[in-house]
Amino acid sequence: MSTPEYTDHHIPSGLATRGTVLLVPGRGETRATYERLGRRLAVDAYRVRVVDAPDLDADDLPAALARFGSALAEAAGGTAPDGAEGVVRPLVLAGADTGALAIAALLGRPGAAGDARPDAVVLAGLPGHSEAHPGGTWDEELDVRTSCPTHRARLTDDSRFRRGALDGPVPEALLTAAYEGEVAVPALLLTGDADPLADREPLDRAVKAWPRTRLAVVRGGHHDVLNDLQHRSVAAEVVTFLEALRNDLVPAIAVASSAW
């Protein structure tokens with residue numbers, strides 16, 4: 001059995017680790033897809049480890065989710081600084097596309113996450129029950145994913161990126177497990193209002209059903225909402241959530257008055 005590979009983003013020397021983020025890519029994506037976000041969160045003293053996109057067997061989803069939970073638990077190990085045991089909490093599971101669905105589906109099964117049970121989740125670009133991307137040229141796929149020229153170039157230059165991965169439908173069993181389960185930990189949901197693969201109805205239901213959930217809509221955001229043109233504002237929203245999480249979800253800044 002081969003040793004799992006991860007991409008690690010370490011905090012700057014001299015800073016104390018404020019928490020740990022395990023980042024799960026979605027369809028077609030590689031660990032390199034999240035280099036920019038990983039670096040940005042690490043600068044703010046959050047230890048980031050990017051794993052590979054999960055292999056989700058729709059024919060035996062419970063077994064696939066069990067393997068996914070075990071893989072996350074293994075990935076969390078060894079993230080503590082200076083070779084210490086355990087993981088620096090809060091531990092946050094962040095995912096995009098089907099990586100986000102897998103996290104939601106996993107947490108909807110009691111005890112399924114085991115040692116990787118998170119303190120919170122960030123779920124971005126959750127696909128819905130809408131029609132799959134109909135295929136077409138590479139430029140058309142990029143148009144679905146992002147309007148950011150830097151991200152478009154990164155995807156184009158990544159030889160391991162799997163083009164056309166959005167063409168097939170998301171397994172119905174995975175969608176059901178994700179949206180009809182309950183994510184009991186604090187959750188930040190991120191969706192773009194220009195994402196043709198998003199479905200606001202199940203997102204809105206999740207916000208109402210899950211106990212501590214915030215839905216943030218990115219104006220002009222496409223499917224790759226963590227890497228789209230608004231990536232700086234999105235990363236700031238994620239950091240704001242991580243910081244509030246350390247303070248019982250109380251934001252550090254309250255706006256007393258504003259003219260805009």
# chains A, B, ... in the order shown; residues from 1 in each chain; ligands from 1
$ residues_around --residues "region 36-45 of chain A" --least-positions-apart "5" --cutoff "10 Å" --atoms "only C-alpha atoms" --output "ChimeraX atom specification"
/A:7-23,31,50,151,226-227,231-232,234-236,238-239,242-243
$ select_by_dssp --residues "region 40-94 of chain A" --states "helix (DSSP H, G or I)" --output "PDB file with N, CA and C atoms, in the first residue's frame"
ATOM      1  N   ARG A  40      -2.141  31.445   1.350  1.00  0.00           N
ATOM      2  CA  ARG A  40      -2.765  32.612   1.985  1.00  0.00           C
ATOM      3  C   ARG A  40      -3.231  32.291   3.407  1.00  0.00           C
ATOM      4  N   LEU A  41      -3.846  31.131   3.599  1.00  0.00           N
ATOM      5  CA  LEU A  41      -4.285  30.754   4.941  1.00  0.00           C
ATOM      6  C   LEU A  41      -3.097  30.503   5.861  1.00  0.00           C
ATOM      7  N   ALA A  42      -2.021  29.929   5.312  1.00  0.00           N
ATOM      8  CA  ALA A  42      -0.834  29.653   6.118  1.00  0.00           C
ATOM      9  C   ALA A  42      -0.191  30.945   6.618  1.00  0.00           C
ATOM     10  N   VAL A  43      -0.207  31.976   5.808  1.00  0.00           N
ATOM     11  CA  VAL A  43       0.356  33.261   6.239  1.00  0.00           C
ATOM     12  C   VAL A  43      -0.371  33.782   7.467  1.00  0.00           C
ATOM     13  N   ALA A  58     -20.212   5.369  -6.050  1.00  0.00           N
ATOM     14  CA  ALA A  58     -21.642   5.541  -5.817  1.00  0.00           C
ATOM     15  C   ALA A  58     -22.349   4.216  -5.577  1.00  0.00           C
ATOM     16  N   ASP A  59     -21.754   3.101  -6.036  1.00  0.00           N
ATOM     17  CA  ASP A  59     -22.384   1.800  -5.850  1.00  0.00           C
ATOM     18  C   ASP A  59     -22.278   1.309  -4.409  1.00  0.00           C
ATOM     19  N   ASP A  60     -21.318   1.825  -3.669  1.00  0.00           N
ATOM     20  CA  ASP A  60     -21.160   1.468  -2.255  1.00  0.00           C
ATOM     21  C   ASP A  60     -20.699   2.705  -1.503  1.00  0.00           C
ATOM     22  N   LEU A  61     -21.595   3.685  -1.438  1.00  0.00           N
ATOM     23  CA  LEU A  61     -21.237   4.974  -0.846  1.00  0.00           C
ATOM     24  C   LEU A  61     -20.846   4.855   0.620  1.00  0.00           C
ATOM     25  N   PRO A  62     -21.528   4.053   1.449  1.00  0.00           N
ATOM     26  CA  PRO A  62     -21.110   3.945   2.856  1.00  0.00           C
ATOM     27  C   PRO A  62     -19.654   3.501   3.003  1.00  0.00           C
ATOM     28  N   ALA A  63     -19.236   2.526   2.206  1.00  0.00           N
ATOM     29  CA  ALA A  63     -17.841   2.072   2.274  1.00  0.00           C
ATOM     30  C   ALA A  63     -16.897   3.153   1.770  1.00  0.00           C
ATOM     31  N   ALA A  64     -17.305   3.858   0.710  1.00  0.00           N
ATOM     32  CA  ALA A  64     -16.461   4.927   0.175  1.00  0.00           C
ATOM     33  C   ALA A  64     -16.287   6.049   1.191  1.00  0.00           C
ATOM     34  N   LEU A  65     -17.365   6.392   1.905  1.00  0.00           N
ATOM     35  CA  LEU A  65     -17.277   7.437   2.921  1.00  0.00           C
ATOM     36  C   LEU A  65     -16.442   6.982   4.108  1.00  0.00           C
ATOM     37  N   ALA A  66     -16.525   5.694   4.450  1.00  0.00           N
ATOM     38  CA  ALA A  66     -15.699   5.167   5.538  1.00  0.00           C
ATOM     39  C   ALA A  66     -14.225   5.281   5.178  1.00  0.00           C
ATOM     40  N   ARG A  67     -13.883   4.951   3.927  1.00  0.00           N
ATOM     41  CA  ARG A  67     -12.488   5.094   3.481  1.00  0.00           C
ATOM     42  C   ARG A  67     -12.069   6.557   3.490  1.00  0.00           C
ATOM     43  N   PHE A  68     -12.973   7.423   3.085  1.00  0.00           N
ATOM     44  CA  PHE A  68     -12.696   8.852   3.070  1.00  0.00           C
ATOM     45  C   PHE A  68     -12.425   9.365   4.485  1.00  0.00           C
ATOM     46  N   GLY A  69     -13.247   8.948   5.444  1.00  0.00           N
ATOM     47  CA  GLY A  69     -13.043   9.349   6.832  1.00  0.00           C
ATOM     48  C   GLY A  69     -11.716   8.863   7.365  1.00  0.00           C
ATOM     49  N   SER A  70     -11.334   7.637   7.031  1.00  0.00           N
ATOM     50  CA  SER A  70     -10.045   7.097   7.479  1.00  0.00           C
ATOM     51  C   SER A  70      -8.893   7.874   6.854  1.00  0.00           C
ATOM     52  N   ALA A  71      -9.052   8.241   5.579  1.00  0.00           N
ATOM     53  CA  ALA A  71      -8.002   9.002   4.896  1.00  0.00           C
ATOM     54  C   ALA A  71      -7.831  10.383   5.526  1.00  0.00           C
ATOM     55  N   LEU A  72      -8.937  11.011   5.911  1.00  0.00           N
ATOM     56  CA  LEU A  72      -8.845  12.317   6.564  1.00  0.00           C
ATOM     57  C   LEU A  72      -8.186  12.203   7.932  1.00  0.00           C
ATOM     58  N   ALA A  73      -8.537  11.156   8.674  1.00  0.00           N
ATOM     59  CA  ALA A  73      -7.921  10.958   9.981  1.00  0.00           C
ATOM     60  C   ALA A  73      -6.419  10.774   9.840  1.00  0.00           C
ATOM     61  N   GLU A  74      -6.011  10.018   8.817  1.00  0.00           N
ATOM     62  CA  GLU A  74      -4.580   9.817   8.588  1.00  0.00           C
ATOM     63  C   GLU A  74      -3.910  11.116   8.171  1.00  0.00           C
ATOM     64  N   ALA A  75      -4.607  11.897   7.356  1.00  0.00           N
ATOM     65  CA  ALA A  75      -4.039  13.166   6.903  1.00  0.00           C
ATOM     66  C   ALA A  75      -3.880  14.156   8.049  1.00  0.00           C
ATOM     67  N   ALA A  76      -4.789  14.104   9.017  1.00  0.00           N
ATOM     68  CA  ALA A  76      -4.690  15.015  10.161  1.00  0.00           C
ATOM     69  C   ALA A  76      -3.471  14.704  11.018  1.00  0.00           C
ATOM     70  N   PRO A  81       2.878  21.016  15.046  1.00  0.00           N
ATOM     71  CA  PRO A  81       4.236  21.539  14.856  1.00  0.00           C
ATOM     72  C   PRO A  81       5.278  20.790  15.679  1.00  0.00           C
ATOM     73  N   ASP A  82       6.501  20.799  15.173  1.00  0.00           N
ATOM     74  CA  ASP A  82       7.666  20.245  15.890  1.00  0.00           C
ATOM     75  C   ASP A  82       7.500  18.771  16.240  1.00  0.00           C
ATOM     76  N   GLY A  83       6.773  18.044  15.377  1.00  0.00           N
ATOM     77  CA  GLY A  83       6.645  16.613  15.585  1.00  0.00           C
ATOM     78  C   GLY A  83       5.766  16.211  16.751  1.00  0.00           C
TER      79      GLY A  83
END
$ atom_distance --atom1 "CA of Glu141 (chain A)" --atom2 "CA of Gly164 (chain A)"
7.3 Å
$ residues_around --residues "Asp199 (chain A)" --least-positions-apart "2" --cutoff "7 Å" --atoms "only C-alpha atoms" --output "tab-separated table (two decimals) with N, CA, C and O atoms, in the first residue's frame"
chain	number	residue	atom	x	y	z
A	127	PRO	N	-22.22	21.39	-5.64
A	127	PRO	CA	-23.09	21.18	-6.80
A	127	PRO	C	-24.46	20.71	-6.34
A	127	PRO	O	-24.62	20.18	-5.24
A	128	GLY	N	-25.45	20.92	-7.19
A	128	GLY	CA	-26.80	20.53	-6.83
A	128	GLY	C	-27.37	19.50	-7.77
A	128	GLY	O	-26.64	18.81	-8.49
A	129	HIS	N	-28.68	19.43	-7.80
A	129	HIS	CA	-29.39	18.45	-8.63
A	129	HIS	C	-29.58	18.95	-10.05
A	129	HIS	O	-30.26	18.30	-10.83
A	130	SER	N	-29.00	20.08	-10.38
A	130	SER	CA	-29.16	20.64	-11.72
A	130	SER	C	-28.43	19.78	-12.75
A	130	SER	O	-27.64	18.89	-12.41
A	197	LEU	N	-23.71	25.26	-11.92
A	197	LEU	CA	-23.86	23.94	-11.32
A	197	LEU	C	-24.46	24.01	-9.92
A	197	LEU	O	-24.74	22.98	-9.31
A	201	GLU	N	-31.83	25.93	-3.87
A	201	GLU	CA	-32.89	25.35	-3.04
A	201	GLU	C	-32.33	24.42	-1.96
A	201	GLU	O	-32.64	24.61	-0.77
A	202	PRO	N	-31.51	23.42	-2.29
A	202	PRO	CA	-30.97	22.58	-1.22
A	202	PRO	C	-30.00	23.33	-0.32
A	202	PRO	O	-29.90	23.02	0.88
A	203	LEU	N	-29.30	24.32	-0.86
A	203	LEU	CA	-28.42	25.13	-0.02
A	203	LEU	C	-29.23	25.88	1.03
A	203	LEU	O	-28.87	25.92	2.21
$ residues_around --residues "Asp204 (chain A)" --least-positions-apart "6" --cutoff "12 Å" --atoms "only C-alpha atoms" --output "list in words"
Leu126, Gly128, Tyr179, Leu189, Leu190, Thr191, Ala198, Trp210, Thr213, Arg214, Leu215, Ala216 and Val217 of chain A
$ write_last_selection --atoms "N, CA, C and O atoms" --output "PDB file, in the first residue's frame"
ATOM      1  N   LEU A 126     -20.724  23.868  -3.744  1.00  0.00           N
ATOM      2  CA  LEU A 126     -21.507  22.636  -3.662  1.00  0.00           C
ATOM      3  C   LEU A 126     -22.375  22.484  -4.907  1.00  0.00           C
ATOM      4  O   LEU A 126     -23.190  23.357  -5.218  1.00  0.00           O
ATOM      5  N   GLY A 128     -25.452  20.924  -7.187  1.00  0.00           N
ATOM      6  CA  GLY A 128     -26.802  20.533  -6.829  1.00  0.00           C
ATOM      7  C   GLY A 128     -27.374  19.501  -7.775  1.00  0.00           C
ATOM      8  O   GLY A 128     -26.643  18.807  -8.490  1.00  0.00           O
ATOM      9  N   TYR A 179     -27.039  16.525   1.468  1.00  0.00           N
ATOM     10  CA  TYR A 179     -28.043  17.549   1.753  1.00  0.00           C
ATOM     11  C   TYR A 179     -29.090  17.116   2.777  1.00  0.00           C
ATOM     12  O   TYR A 179     -29.702  17.959   3.426  1.00  0.00           O
ATOM     13  N   LEU A 189     -20.791  28.046   4.175  1.00  0.00           N
ATOM     14  CA  LEU A 189     -21.080  27.625   2.810  1.00  0.00           C
ATOM     15  C   LEU A 189     -20.801  28.791   1.881  1.00  0.00           C
ATOM     16  O   LEU A 189     -21.244  29.925   2.143  1.00  0.00           O
ATOM     17  N   LEU A 190     -20.076  28.514   0.805  1.00  0.00           N
ATOM     18  CA  LEU A 190     -19.727  29.544  -0.173  1.00  0.00           C
ATOM     19  C   LEU A 190     -20.240  29.125  -1.542  1.00  0.00           C
ATOM     20  O   LEU A 190     -19.962  28.011  -2.005  1.00  0.00           O
ATOM     21  N   THR A 191     -20.984  30.012  -2.180  1.00  0.00           N
ATOM     22  CA  THR A 191     -21.478  29.719  -3.519  1.00  0.00           C
ATOM     23  C   THR A 191     -21.397  30.967  -4.377  1.00  0.00           C
ATOM     24  O   THR A 191     -21.528  32.088  -3.870  1.00  0.00           O
ATOM     25  N   ALA A 198     -24.661  25.215  -9.411  1.00  0.00           N
ATOM     26  CA  ALA A 198     -25.200  25.370  -8.056  1.00  0.00           C
ATOM     27  C   ALA A 198     -26.721  25.246  -8.075  1.00  0.00           C
ATOM     28  O   ALA A 198     -27.375  25.457  -9.098  1.00  0.00           O
ATOM     29  N   TRP A 210     -29.352  22.875   9.304  1.00  0.00           N
ATOM     30  CA  TRP A 210     -28.133  22.692  10.078  1.00  0.00           C
ATOM     31  C   TRP A 210     -28.059  23.778  11.146  1.00  0.00           C
ATOM     32  O   TRP A 210     -28.393  24.945  10.890  1.00  0.00           O
ATOM     33  N   THR A 213     -24.965  27.488  10.637  1.00  0.00           N
ATOM     34  CA  THR A 213     -24.516  27.549   9.250  1.00  0.00           C
ATOM     35  C   THR A 213     -24.673  28.954   8.697  1.00  0.00           C
ATOM     36  O   THR A 213     -25.675  29.632   8.953  1.00  0.00           O
ATOM     37  N   ARG A 214     -23.668  29.367   7.933  1.00  0.00           N
ATOM     38  CA  ARG A 214     -23.707  30.662   7.269  1.00  0.00           C
ATOM     39  C   ARG A 214     -23.518  30.437   5.771  1.00  0.00           C
ATOM     40  O   ARG A 214     -22.569  29.763   5.367  1.00  0.00           O
ATOM     41  N   LEU A 215     -24.412  30.992   4.965  1.00  0.00           N
ATOM     42  CA  LEU A 215     -24.305  30.903   3.508  1.00  0.00           C
ATOM     43  C   LEU A 215     -23.835  32.249   2.977  1.00  0.00           C
ATOM     44  O   LEU A 215     -24.506  33.262   3.160  1.00  0.00           O
ATOM     45  N   ALA A 216     -22.671  32.255   2.330  1.00  0.00           N
ATOM     46  CA  ALA A 216     -22.120  33.468   1.742  1.00  0.00           C
ATOM     47  C   ALA A 216     -22.167  33.344   0.222  1.00  0.00           C
ATOM     48  O   ALA A 216     -21.655  32.368  -0.342  1.00  0.00           O
ATOM     49  N   VAL A 217     -22.806  34.306  -0.426  1.00  0.00           N
ATOM     50  CA  VAL A 217     -22.959  34.295  -1.880  1.00  0.00           C
ATOM     51  C   VAL A 217     -21.970  35.287  -2.483  1.00  0.00           C
ATOM     52  O   VAL A 217     -21.953  36.465  -2.123  1.00  0.00           O
TER      53      VAL A 217
END
$ closest_residue --among "A:Val218, A:Val185, A:Leu249, A:Leu123" --to "Leu107 (chain A)" --atoms "only C-alpha atoms"
A:Val185
$ atom_distance --atom1 "CA of Gly221 (chain A)" --atom2 "CA of Leu155 (chain A)"
17.0 Å
$ closest_residue --among "A:Glu85, A:Glu180, A:Glu35, A:Asp52" --to "Pro4 (chain A)" --atoms "only C-alpha atoms"
A:Asp52
$ closest_residue --among "A:Ala124, A:Ala244, A:Val144, A:Ala177" --to "Pro196 (chain A)" --atoms "only C-alpha atoms"
A:Val144
$ atom_distance --atom1 "CA of Val87 (chain A)" --atom2 "CA of Arg109 (chain A)"
22.2 Å
$ closest_residue --among "A:Leu229, A:Ser258, A:Leu106, A:Leu56" --to "Arg152 (chain A)" --atoms "only C-alpha atoms"
A:Leu229
$ residues_around --residues "Val24 (chain A)" --least-positions-apart "5" --cutoff "6 Å" --atoms "only C-alpha atoms" --output "PyMOL selection string"
chain A and resi 51+53+95+99
$ select_by_dssp --residues "region 68-193 of chain A" --states "strand (DSSP E)" --output "ChimeraX atom specification"
/A:91-96,120-124,187-192
$ closest_residue --among "A:Val225, A:Ala153, A:Ala105, A:Ala194" --to "Thr176 (chain A)" --atoms "only C-alpha atoms"
A:Ala105
